[in-house]
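K.L.:
I have a structure I would like to understand better, so I am pasting it below and will then ask my questions one at a time.
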Amino acid sequence: MSLQIATIPCRSDNYAFLLHDTDSGQTALVDAPEAAPIINELDRRGWTLTQILITHHHYDHIDGVEELRAKYAAKVIGAKADAYRLPPLDLELVEGDTISIGNNIGSVLDVSGHCDNHLAFHFAASYAVFTADSLMALGCGRLFEGTPTQMWESLSKLAALPPMTMVYSGHEYTAANATFAHSIEPNNPALKDRILQIIEARAQDMPTVPSILADELATNPFLRAASPEIRETLGMQTASDAEVFAEIRQRKDNFKQTKMPDITEYPCNCAYE
């Protein structure tokens with residue numbers, strides 16, 4: 001496909017993403033935690049920013065919007081229902097809308113739960129979904145505004161995408177998330193393998209984002225409410241998946257980091273996970 005994707009580390013543990021259409025030269029940005037590293041990457045690649053796609057209103061996803069808008073005259077795009085607390089929008093979106101970057105078409109998903117009116121952007125032809133603080137690598141966002149049922153519905157929507165879809169989430173929280181995942185499903189062989197990969201990646205200061213959806217389905221406890229081991233750990237063998245998810249989220253909220261070899265040597269702020 002003609003869509004090139006660049007992952008940009010921002011702040012202490014955020015990620016932004018540039019989506020460049022090689023045919024038209026259009027370049028979109030998903031979230032703007034801060035302007036400087038994004039400008040540096042655009043300059044390095046010789047790209048000009050044309051669109052800014054906002055997933056949600058939290059400051060660590062929008063702080064760089066106005067500087068980037070002023071520099072590039074980029075159009076700012078976000079949720080219609082959240083326009084009152086986003087930077088001024090040039091295009092307002094609802095679920096089911098589409099956006100275009102050249103000939104690359106993305107669909108808009110409402111993935112509320114972490115906060116109301118949180119959007120994700122799915123580019124089916126490129127097998128890419130930009131999820132910010134909804135589905136995260138081995139985790140999901142804290143429920144600041146939404147309900148557990150709402151978040152479970154949003155995660156189920158994302159889980160139904162093709163397994164080879166790459167998940168571009170908003171933070172480098174994976175090592176800490178892995179520690180929690182191991183605490184409630186320690187016998188999952190796929191999780192053990194992934195933990196080893198995380199250790200190696202972080203030891204080399206390499207990002208663990210994006211991740212492939214197939215790996216999230218196999219290892220992310222927030223997608224694994226049906227796991228017999230997790231249900232046994234929680235004592236919820238007969239509960240609904242949504243009820244199990246709610247308990248997993250509550251336990252993560254109250255989780256105290258315990259020492260697991262190498263994993264907790266890579267701390268993060270984890271304010272939003």
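In the structure tokens, the first chain shown is A, the next is B, and so on; residue numbers restart at 1 for each chain, and ligands run from 1 in the order shown.
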Quick one: everything within 6 Å of range 143-148 of chain A, counting only C-alpha atoms, minus sequence neighbours fewer than 4 positions away in the same chain. Send it as JSON, numbers by chain.
P.N.:
{"A": [113, 114, 115, 116, 246]}
K.L.:
I need the residues from that last selection saved to file as a compact mmCIF listing (two decimals), in the first residue's frame (with C-alpha atoms), if you can.
P.N.:
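Contents of again32.txt, freshly written:
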```
# COMPACT_ATOMS: atom_id res chain seq x y z
CA GLY A 113 -14.53 3.90 28.01
CA HIS A 114 -11.21 5.48 28.94
CA CYS A 115 -13.11 8.71 28.35
CA ASP A 116 -16.29 9.65 26.53
CA ALA A 246 -14.69 -5.28 35.10
```
K.L.:
Give me, please, the distance in Å between CA of Thr131 in chain A and CA of Val167 in chain A, quoted to one decimal.
P.N.:
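So the answer is 6.8 Å.
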K.L.:
DSSP on the backbone, then: every residue of range 25-264 of chain A marked strand (DSSP E), written as number ranges by chain.
P.N.:
A: 27-30, 51-53, 75-79, 91-93, 98-101, 104-110, 119-123, 128-132, 135-136, 139-140, 166-169, 211-212
K.L.:
Using only C-alpha atoms, tabulate the residues of range 45-103 of chain A lying at most 9 Å from any atom of range 121-125 of chain A, each with its closest atom pair and that distance in Å to one decimal, by chain and increasing residue number, as CSV.
P.N.:
```
residue,atom,partner,partner_atom,distance
A:Leu53,CA,A:Phe121,CA,8.6
A:Thr55,CA,A:Phe121,CA,8.1
A:Thr98,CA,A:Phe121,CA,8.8
A:Ile99,CA,A:Phe121,CA,8.6
```
K.L.:
Using the selection just defined, write its residues with N, CA and C atoms as a PDB file, in the first residue's frame.
P.N.:
```pdb
ATOM      1  N   LEU A  53      -5.254  14.145  13.336  1.00  0.00           N
ATOM      2  CA  LEU A  53      -6.368  13.332  13.822  1.00  0.00           C
ATOM      3  C   LEU A  53      -6.244  13.191  15.333  1.00  0.00           C
ATOM      4  N   THR A  55      -7.512  11.574  18.873  1.00  0.00           N
ATOM      5  CA  THR A  55      -8.272  10.442  19.408  1.00  0.00           C
ATOM      6  C   THR A  55      -9.142  10.840  20.596  1.00  0.00           C
ATOM      7  N   THR A  98     -15.741   8.252   7.486  1.00  0.00           N
ATOM      8  CA  THR A  98     -14.448   7.860   6.933  1.00  0.00           C
ATOM      9  C   THR A  98     -13.584   9.101   6.760  1.00  0.00           C
ATOM     10  N   ILE A  99     -12.293   8.880   6.784  1.00  0.00           N
ATOM     11  CA  ILE A  99     -11.316   9.933   6.518  1.00  0.00           C
ATOM     12  C   ILE A  99     -10.383   9.428   5.430  1.00  0.00           C
TER      13      ILE A  99
END
```
K.L.:
List every residue of range 201-226 of chain A that has an atom at most 12 Å from any atom of range 9-14 of chain A, and for each one report the closest atom pair and its distance in Å to one decimal, counting only C-alpha atoms, with rows sorted by chain and then by increasing residue number, as a Markdown table.
P.N.:
```
| residue | atom | partner | partner_atom | distance |
| --- | --- | --- | --- | --- |
| A:Asp205 | CA | A:Pro9 | CA | 11.2 |
| A:Met206 | CA | A:Pro9 | CA | 10.4 |
| A:Pro207 | CA | A:Pro9 | CA | 8.4 |
| A:Thr208 | CA | A:Pro9 | CA | 11.2 |
| A:Val209 | CA | A:Pro9 | CA | 9.9 |
| A:Pro210 | CA | A:Pro9 | CA | 11.7 |
```
K.L.:
Considering only C-alpha atoms, can you say which of A:Glu66, A:Asp133, A:Asp253, A:Glu243 comes closest to Phe180 in chain A?
P.N.:
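Closest residue, counting only C-alpha atoms: A:Asp253.
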K.L.:
Neighbours of His171 in chain A within 12 Å (only C-alpha atoms; same-chain residues fewer than 5 positions away dropped), as a PyMOL selection string?
P.N.:
chain A and resi 7-17+31+33+60-61+130-141+176-177+207-211+268-273
K.L.:
Keeping N, CA and C atoms, export the residues of the selection given above as a CSV table (one decimal), in the first residue's frame.
P.N.:
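The resulting again.csv:
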```csv
chain,number,residue,atom,x,y,z
A,7,THR,N,6.4,5.9,13.7
A,7,THR,CA,6.2,6.0,15.2
A,7,THR,C,7.1,7.0,15.8
A,8,ILE,N,6.6,8.0,16.5
A,8,ILE,CA,7.4,9.1,17.1
A,8,ILE,C,7.2,9.1,18.6
A,9,PRO,N,8.3,8.7,19.4
A,9,PRO,CA,8.2,8.9,20.8
A,9,PRO,C,8.1,10.4,21.2
A,10,CYS,N,7.2,10.7,22.2
A,10,CYS,CA,7.0,12.0,22.7
A,10,CYS,C,6.9,12.0,24.2
A,11,ARG,N,7.2,13.2,24.8
A,11,ARG,CA,7.1,13.3,26.2
A,11,ARG,C,7.9,12.2,26.9
A,12,SER,N,7.5,11.7,28.0
A,12,SER,CA,8.2,10.6,28.7
A,12,SER,C,7.9,9.2,28.2
A,13,ASP,N,6.6,9.0,27.8
A,13,ASP,CA,6.2,7.7,27.4
A,13,ASP,C,5.0,7.7,26.4
A,14,ASN,N,4.8,8.8,25.7
A,14,ASN,CA,3.7,8.9,24.7
A,14,ASN,C,4.3,8.5,23.3
A,15,TYR,N,3.3,8.2,22.4
A,15,TYR,CA,3.6,8.0,21.0
A,15,TYR,C,2.7,8.8,20.2
A,16,ALA,N,3.2,9.4,19.1
A,16,ALA,CA,2.4,10.0,18.0
A,16,ALA,C,2.8,9.2,16.7
A,17,PHE,N,1.9,9.3,15.7
A,17,PHE,CA,2.1,8.5,14.5
A,17,PHE,C,1.9,9.4,13.3
A,31,ASP,N,-2.7,12.2,16.9
A,31,ASP,CA,-2.4,12.8,18.2
A,31,ASP,C,-1.1,13.6,18.2
A,33,PRO,N,1.1,14.9,21.2
A,33,PRO,CA,1.5,15.1,22.6
A,33,PRO,C,2.4,16.3,22.8
A,60,ASP,N,-2.1,15.1,27.1
A,60,ASP,CA,-0.9,14.5,26.6
A,60,ASP,C,-1.2,13.9,25.2
A,61,HIS,N,-2.3,14.2,24.6
A,61,HIS,CA,-2.6,13.8,23.2
A,61,HIS,C,-2.9,15.0,22.3
A,130,PHE,N,-5.4,2.8,15.0
A,130,PHE,CA,-4.8,3.7,15.9
A,130,PHE,C,-5.7,3.9,17.1
A,131,THR,N,-5.3,3.3,18.3
A,131,THR,CA,-6.2,3.1,19.4
A,131,THR,C,-5.9,4.0,20.6
A,132,ALA,N,-4.8,4.7,20.6
A,132,ALA,CA,-4.5,5.6,21.7
A,132,ALA,C,-4.6,4.9,23.0
A,133,ASP,N,-5.5,5.4,23.9
A,133,ASP,CA,-5.6,4.9,25.2
A,133,ASP,C,-6.9,4.0,25.4
A,134,SER,N,-7.4,3.4,24.4
A,134,SER,CA,-8.4,2.4,24.5
A,134,SER,C,-7.7,1.0,24.6
A,135,LEU,N,-7.5,0.3,23.5
A,135,LEU,CA,-6.7,-0.9,23.5
A,135,LEU,C,-5.2,-0.5,23.5
A,136,MET,N,-4.5,-1.0,24.5
A,136,MET,CA,-3.0,-0.7,24.5
A,136,MET,C,-2.3,-2.0,24.5
A,137,ALA,N,-1.0,-1.9,24.3
A,137,ALA,CA,-0.1,-3.1,24.3
A,137,ALA,C,-0.2,-3.8,25.7
A,138,LEU,N,-0.8,-4.9,25.7
A,138,LEU,CA,-1.0,-5.7,27.0
A,138,LEU,C,-1.9,-5.0,28.0
A,139,GLY,N,-2.6,-4.0,27.6
A,139,GLY,CA,-3.4,-3.3,28.5
A,139,GLY,C,-4.6,-2.6,27.9
A,140,CYS,N,-5.3,-1.7,28.7
A,140,CYS,CA,-6.3,-0.8,28.2
A,140,CYS,C,-6.3,0.4,29.1
A,141,GLY,N,-6.9,1.5,28.7
A,141,GLY,CA,-6.9,2.7,29.5
A,141,GLY,C,-7.7,2.6,30.7
A,176,ALA,N,5.1,-2.7,32.3
A,176,ALA,CA,4.3,-2.7,33.5
A,176,ALA,C,3.0,-3.5,33.3
A,177,ASN,N,2.4,-3.4,32.1
A,177,ASN,CA,1.2,-4.1,31.8
A,177,ASN,C,1.5,-5.6,31.9
A,207,PRO,N,10.9,0.5,21.1
A,207,PRO,CA,9.5,0.6,21.4
A,207,PRO,C,8.9,-0.8,21.3
A,208,THR,N,7.8,-1.0,22.1
A,208,THR,CA,7.0,-2.2,22.0
A,208,THR,C,5.7,-1.9,21.3
A,209,VAL,N,5.6,-0.7,20.8
A,209,VAL,CA,4.4,-0.2,20.0
A,209,VAL,C,4.9,0.1,18.6
A,210,PRO,N,4.2,-0.3,17.6
A,210,PRO,CA,2.9,-1.0,17.6
A,210,PRO,C,3.0,-2.5,18.0
A,211,SER,N,1.9,-3.1,18.2
A,211,SER,CA,1.8,-4.6,18.4
A,211,SER,C,0.8,-5.2,17.5
A,268,CYS,N,7.3,3.2,34.1
A,268,CYS,CA,6.7,4.2,33.3
A,268,CYS,C,5.7,5.0,34.3
A,269,ASN,N,5.3,6.2,33.8
A,269,ASN,CA,4.4,7.0,34.6
A,269,ASN,C,3.1,6.3,34.8
A,270,CYS,N,2.6,5.7,33.7
A,270,CYS,CA,1.4,4.8,33.8
A,270,CYS,C,0.2,5.5,34.3
A,271,ALA,N,0.1,6.8,34.1
A,271,ALA,CA,-1.0,7.6,34.6
A,271,ALA,C,-2.4,7.2,33.9
A,272,TYR,N,-2.3,6.7,32.7
A,272,TYR,CA,-3.5,6.5,32.0
A,272,TYR,C,-3.8,5.0,31.6
A,273,GLU,N,-2.9,4.2,32.1
A,273,GLU,CA,-3.1,2.8,31.7
A,273,GLU,C,-4.1,2.1,32.7
```
K.L.:
Applying 10 Å and only C-alpha atoms, which residues near Tyr59 in chain A remain after dropping the ones on its own chain fewer than 3 positions away? List them as a count of residues only.
P.N.:
8
K.L.:
From the set A:Lys157, A:Lys75, A:His58, A:Arg202, which residue has the shortest atom-to-atom contact distance to Thr27 in chain A, counting only C-alpha atoms?
P.N.:
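That would be A:Lys75, the residue with the smallest distance to Thr27 in chain A.
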K.L.:
Can you tell me, as a list of chain:residue names, what residues are no more than 12 Å from Ala159 in chain A when counting only C-alpha atoms, ignoring any on the same chain fewer than 3 positions away?
P.N.:
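So, after excluding close chain neighbours, the residues are A:Val111, A:Val129, A:Thr131, A:Ser134, A:Leu135, A:Met136, A:Trp152, A:Glu153, A:Ser154, A:Leu155, A:Ser156, A:Pro162, A:Pro163, A:Met164, A:Thr165, A:Met166, A:Val167, A:Ile212, A:Leu213, A:Ala214, A:Asp215, A:Glu216, A:Leu217, A:Ala218, A:Asn220, A:Phe222, A:Leu223, A:Arg224.
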K.L.:
Write the residues of the selection above to a file with N, CA and C atoms, as a CSV table (one decimal), in the first residue's frame.
P.N.:
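Writing done, so here's out-v2.csv:
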```
chain,number,residue,atom,x,y,z
A,111,VAL,N,-14.6,4.3,20.5
A,111,VAL,CA,-14.1,3.3,21.5
A,111,VAL,C,-14.1,4.0,22.9
A,129,VAL,N,-4.6,0.0,13.0
A,129,VAL,CA,-5.6,0.7,13.8
A,129,VAL,C,-4.9,1.5,14.8
A,131,THR,N,-5.3,3.3,18.3
A,131,THR,CA,-6.2,3.1,19.4
A,131,THR,C,-5.9,4.0,20.6
A,134,SER,N,-7.4,3.4,24.4
A,134,SER,CA,-8.4,2.4,24.5
A,134,SER,C,-7.7,1.0,24.6
A,135,LEU,N,-7.5,0.3,23.5
A,135,LEU,CA,-6.7,-0.9,23.5
A,135,LEU,C,-5.2,-0.5,23.5
A,136,MET,N,-4.5,-1.0,24.5
A,136,MET,CA,-3.0,-0.7,24.5
A,136,MET,C,-2.3,-2.0,24.5
A,152,TRP,N,-15.7,-2.6,27.7
A,152,TRP,CA,-15.7,-4.0,27.1
A,152,TRP,C,-16.3,-4.0,25.7
A,153,GLU,N,-17.3,-3.3,25.5
A,153,GLU,CA,-17.9,-3.2,24.2
A,153,GLU,C,-16.9,-2.6,23.2
A,154,SER,N,-16.2,-1.6,23.6
A,154,SER,CA,-15.2,-0.9,22.7
A,154,SER,C,-14.1,-1.9,22.4
A,155,LEU,N,-13.6,-2.6,23.4
A,155,LEU,CA,-12.5,-3.5,23.2
A,155,LEU,C,-12.9,-4.7,22.3
A,156,SER,N,-14.2,-5.1,22.5
A,156,SER,CA,-14.7,-6.2,21.7
A,156,SER,C,-14.8,-5.8,20.2
A,162,PRO,N,-9.3,-7.9,11.9
A,162,PRO,CA,-8.4,-9.0,11.5
A,162,PRO,C,-7.2,-9.2,12.4
A,163,PRO,N,-6.9,-10.4,12.8
A,163,PRO,CA,-5.8,-10.6,13.7
A,163,PRO,C,-4.4,-10.1,13.3
A,164,MET,N,-4.2,-9.9,12.0
A,164,MET,CA,-2.9,-9.4,11.5
A,164,MET,C,-2.9,-7.8,11.6
A,165,THR,N,-3.9,-7.2,12.1
A,165,THR,CA,-3.9,-5.8,12.2
A,165,THR,C,-2.9,-5.3,13.2
A,166,MET,N,-2.1,-4.3,12.8
A,166,MET,CA,-1.2,-3.7,13.8
A,166,MET,C,-1.9,-2.6,14.6
A,167,VAL,N,-1.6,-2.7,15.9
A,167,VAL,CA,-2.3,-1.8,16.9
A,167,VAL,C,-1.3,-0.7,17.3
A,212,ILE,N,0.9,-6.5,17.3
A,212,ILE,CA,0.0,-7.1,16.4
A,212,ILE,C,-1.2,-7.6,17.2
A,213,LEU,N,-2.4,-7.4,16.6
A,213,LEU,CA,-3.6,-7.8,17.3
A,213,LEU,C,-3.7,-9.2,17.7
A,214,ALA,N,-3.1,-10.1,16.9
A,214,ALA,CA,-3.1,-11.5,17.2
A,214,ALA,C,-2.4,-11.7,18.6
A,215,ASP,N,-1.3,-11.0,18.8
A,215,ASP,CA,-0.6,-11.1,20.1
A,215,ASP,C,-1.4,-10.6,21.2
A,216,GLU,N,-2.1,-9.5,21.0
A,216,GLU,CA,-3.0,-9.0,22.0
A,216,GLU,C,-4.1,-10.0,22.4
A,217,LEU,N,-4.7,-10.6,21.4
A,217,LEU,CA,-5.7,-11.6,21.6
A,217,LEU,C,-5.2,-12.8,22.4
A,218,ALA,N,-3.9,-13.1,22.3
A,218,ALA,CA,-3.3,-14.3,22.9
A,218,ALA,C,-2.7,-13.9,24.3
A,220,ASN,N,-3.2,-10.3,26.1
A,220,ASN,CA,-3.6,-9.1,26.8
A,220,ASN,C,-4.8,-9.5,27.7
A,222,PHE,N,-7.0,-7.9,29.2
A,222,PHE,CA,-8.3,-7.2,29.0
A,222,PHE,C,-9.1,-7.6,27.8
A,223,LEU,N,-8.5,-8.5,27.0
A,223,LEU,CA,-9.2,-9.1,25.8
A,223,LEU,C,-9.5,-10.6,26.1
A,224,ARG,N,-9.1,-11.1,27.3
A,224,ARG,CA,-9.1,-12.5,27.6
A,224,ARG,C,-10.0,-12.9,28.8
```
K.L.:
A:Glu41, A:His118, A:Ile105, A:Thr149: which is nearest Gly78 in chain A, counting only C-alpha atoms?
P.N.:
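Closest residue, counting only C-alpha atoms: A:His118.
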K.L.:
What is the distance between CA of Ile54 in chain A and CA of Leu119 in chain A, in Å to one decimal?
P.N.:
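For CA of Ile54 in chain A relative to CA of Leu119 in chain A, the distance reads 7.7 Å.
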K.L.:
Could you tell me how far CA of Ile52 in chain A lies from CA of Leu19 in chain A, in Å and to one decimal?
P.N.:
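Straight-line distance from CA of Ile52 in chain A to CA of Leu19 in chain A works out to 10.1 Å.
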K.L.:
Pick out the closest residue to Trp47 in chain A from this set: A:Leu109, A:Ala128, A:Ala242, A:Leu29. Count only C-alpha atoms.
P.N.:
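Distance minimum relative to Trp47 in chain A lands on A:Leu29.
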K.L.:
Need to verify the contact set: range 226-240 of chain A, 9 Å, only C-alpha atoms, exclusion of same-chain residues closer than 3 positions in sequence. Can you return it as JSON, numbers by chain?
P.N.:
{"A": [184, 185, 186, 187, 188, 221, 223, 243, 244, 245, 247, 248]}
K.L.:
Output the selection as an mmCIF file, in the first residue's frame - C-alpha atoms for each residue.
P.N.:
```
data_model
loop_
_atom_site.group_PDB
_atom_site.id
_atom_site.type_symbol
_atom_site.label_atom_id
_atom_site.label_comp_id
_atom_site.auth_asym_id
_atom_site.auth_seq_id
_atom_site.Cartn_x
_atom_site.Cartn_y
_atom_site.Cartn_z
ATOM 1 C CA ILE A 184 -3.408 -13.308 36.712
ATOM 2 C CA GLU A 185 -2.416 -15.690 33.896
ATOM 3 C CA PRO A 186 1.089 -16.946 34.777
ATOM 4 C CA ASN A 187 0.795 -20.207 32.841
ATOM 5 C CA ASN A 188 0.022 -18.635 29.472
ATOM 6 C CA PRO A 221 -5.772 -9.907 29.874
ATOM 7 C CA LEU A 223 -9.187 -9.124 25.849
ATOM 8 C CA GLU A 243 -18.171 -8.941 34.541
ATOM 9 C CA VAL A 244 -14.780 -10.629 34.323
ATOM 10 C CA PHE A 245 -13.398 -7.654 32.414
ATOM 11 C CA GLU A 247 -12.896 -7.271 37.781
ATOM 12 C CA ILE A 248 -9.667 -7.354 35.758
#
```
K.L.:
Given only C-alpha atoms as the basis, pick out the residue of A:Pro87, A:Gly25, A:Gly46, A:Pro37 nearest to Leu3 in chain A.
P.N.:
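Smallest distance to Leu3 in chain A is found for A:Gly25.
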K.L.:
Quick one: everything within 10 Å of Ser24 in chain A, counting only C-alpha atoms, minus sequence neighbours fewer than 2 positions away in the same chain. Send it as a ChimeraX atom specification.
P.N.:
/A:2,20-22,26-27,101-103
K.L.:
Taking the DSSP assignment computed from this structure's backbone, write out as a PyMOL selection string all residues of range 34-262 of chain A that belong to alpha helix (DSSP H).
P.N.:
chain A and resi 36-45+59-62+65-72+148-159+174-184+189-203+213-219+228-234+241-253
